[in-house]
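Have a look at the structure below before the remarks.
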Amino acid sequence: KAGVTQTPRYLIKTRGQQVTLSCSPISGHRSVSWYQQTPGQGLQFLFEYFSETQRNKGNFPGRFSGRQFSNSRSEMNVSTLELGDSALYLCASSLDKDPGPSTDTQYFGPGTRLTVL
Amino acid sequence: EDQVTQSPEALRLQEGESSSLNCSYTVSGLRGLFWYRQDPGKGPEFLFTLYSAGEEKEKERLKATLTKKESFLHITAPKPEDSATYLCAVQRRTSGTYKYIFGTGTRLKVLA
């Protein structure tokens, strides 16, 4: 079974631009979560989508947004990029068999390395 | 406030020298504790899930254990290919939803 895929793998942008990252979850997985990973902060939770609805959200500014499509693929968008947005952005998917909270394991993609100049 | 602390931050071992990594947490409503391995430039790779105090899981040279306040990842006779960053994460339940909180990881280097 194919794993979580993320595109693009690398991105270089300048301050003020916007960027869209894409994530395709493992087939059959309905929950998709996004994380930002930086050397100083570790993995910070951005948001989680399930059945095209944002189910959970971390403490990031409104410049960070996301969406999920009917095939469970997800995108996240960052507008008005800042230098501090340089990070590895990770997507994780889980099966989430139950309609509510689940302890299903999250499986991560390889990440998108975003550099803001 | 929810908190996950991993120690040590970095660890250097000789090949064959067993050791343990620690993950301590203060989380109300714990549902599960997860261990991941992350190689440089890659996404975290799932290792184990533990759900209740006293539970243990093993995989090759790795063994994870869980108490009410912490988890240990024991590495027996490590090899250079075990070098990586090991992350732990806790999943806590809140009203109607849940979230994962990650520690900052332990960077393990195993020398041949």
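In the structure tokens, chains take letters A, B, ... by order of appearance, with residues numbered from 1 within each chain and ligands from 1 in the order shown.
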
Find the nearest atom pair between each residue of region 29-56 of chain A and region 31-52 of chain B for residues within 12 Å, count only C-alpha atoms, give distances in Å to one decimal, sort rows by chain and ascending number, and present the table as a Markdown table.
| residue | atom | partner | partner_atom | distance |
| --- | --- | --- | --- | --- |
| A:Trp34 | CA | B:Gly43 | CA | 11.9 |
| A:Tyr35 | CA | B:Gly43 | CA | 10.7 |
| A:Gln36 | CA | B:Gly43 | CA | 11.3 |
| A:Gln37 | CA | B:Gly43 | CA | 9.9 |
| A:Thr38 | CA | B:Gly41 | CA | 11.6 |
| A:Pro39 | CA | B:Pro40 | CA | 11.5 |
| A:Gly42 | CA | B:Pro44 | CA | 11.8 |
| A:Leu43 | CA | B:Pro44 | CA | 10.2 |

Shell around region 51-57 of chain A at 7 Å using only C-alpha atoms, local window under 5 positions removed, as JSON, numbers by chain: {"A": [30, 46, 67, 68, 69, 70, 72]}

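Nearest to Thr67 (chain B) of all the residues B:Val4, B:Ala84, B:Cys23, B:Ala10 is B:Cys23, counting only C-alpha atoms.
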
Could you write out as number ranges by chain the residues of chain A within 10 Å of chain B, counting only C-alpha atoms? A: 4, 33, 37-45, 47-48, 55-58, 88-92, 100-113

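CA of Ala53 (chain B) to CA of Ile75 (chain B) spans 19.7 Å [interatomic distance, one decimal].
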
For Arg15 (chain A), list every protein, DNA or RNA residue within 10 Å, evaluated using only C-alpha atoms, and leave out those in the same chain fewer than 2 positions away; present the list as a PyMOL selection string. chain A and resi 13+17-18+79-85+115-117

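One finds CA of Ser86 (chain A) at 23.2 Å from CA of Arg73 (chain A).
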
Residues of region 34-81 of chain B in strand (DSSP E or B), written as a list in words: Phe34, Trp35, Tyr36, Arg37, Gln38, Glu45, Phe46, Leu47, Phe48, Thr49, Leu50, Glu56, Lys57, Glu58, Lys59, Leu62, Lys63, Ala64, Thr65, Leu66, Glu70, Ser71, Phe72, Leu73, His74 and Ile75 of chain B

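Across the model, the gap from CA of Thr106 (chain B) to CA of Pro78 (chain B) is 14.8 Å.
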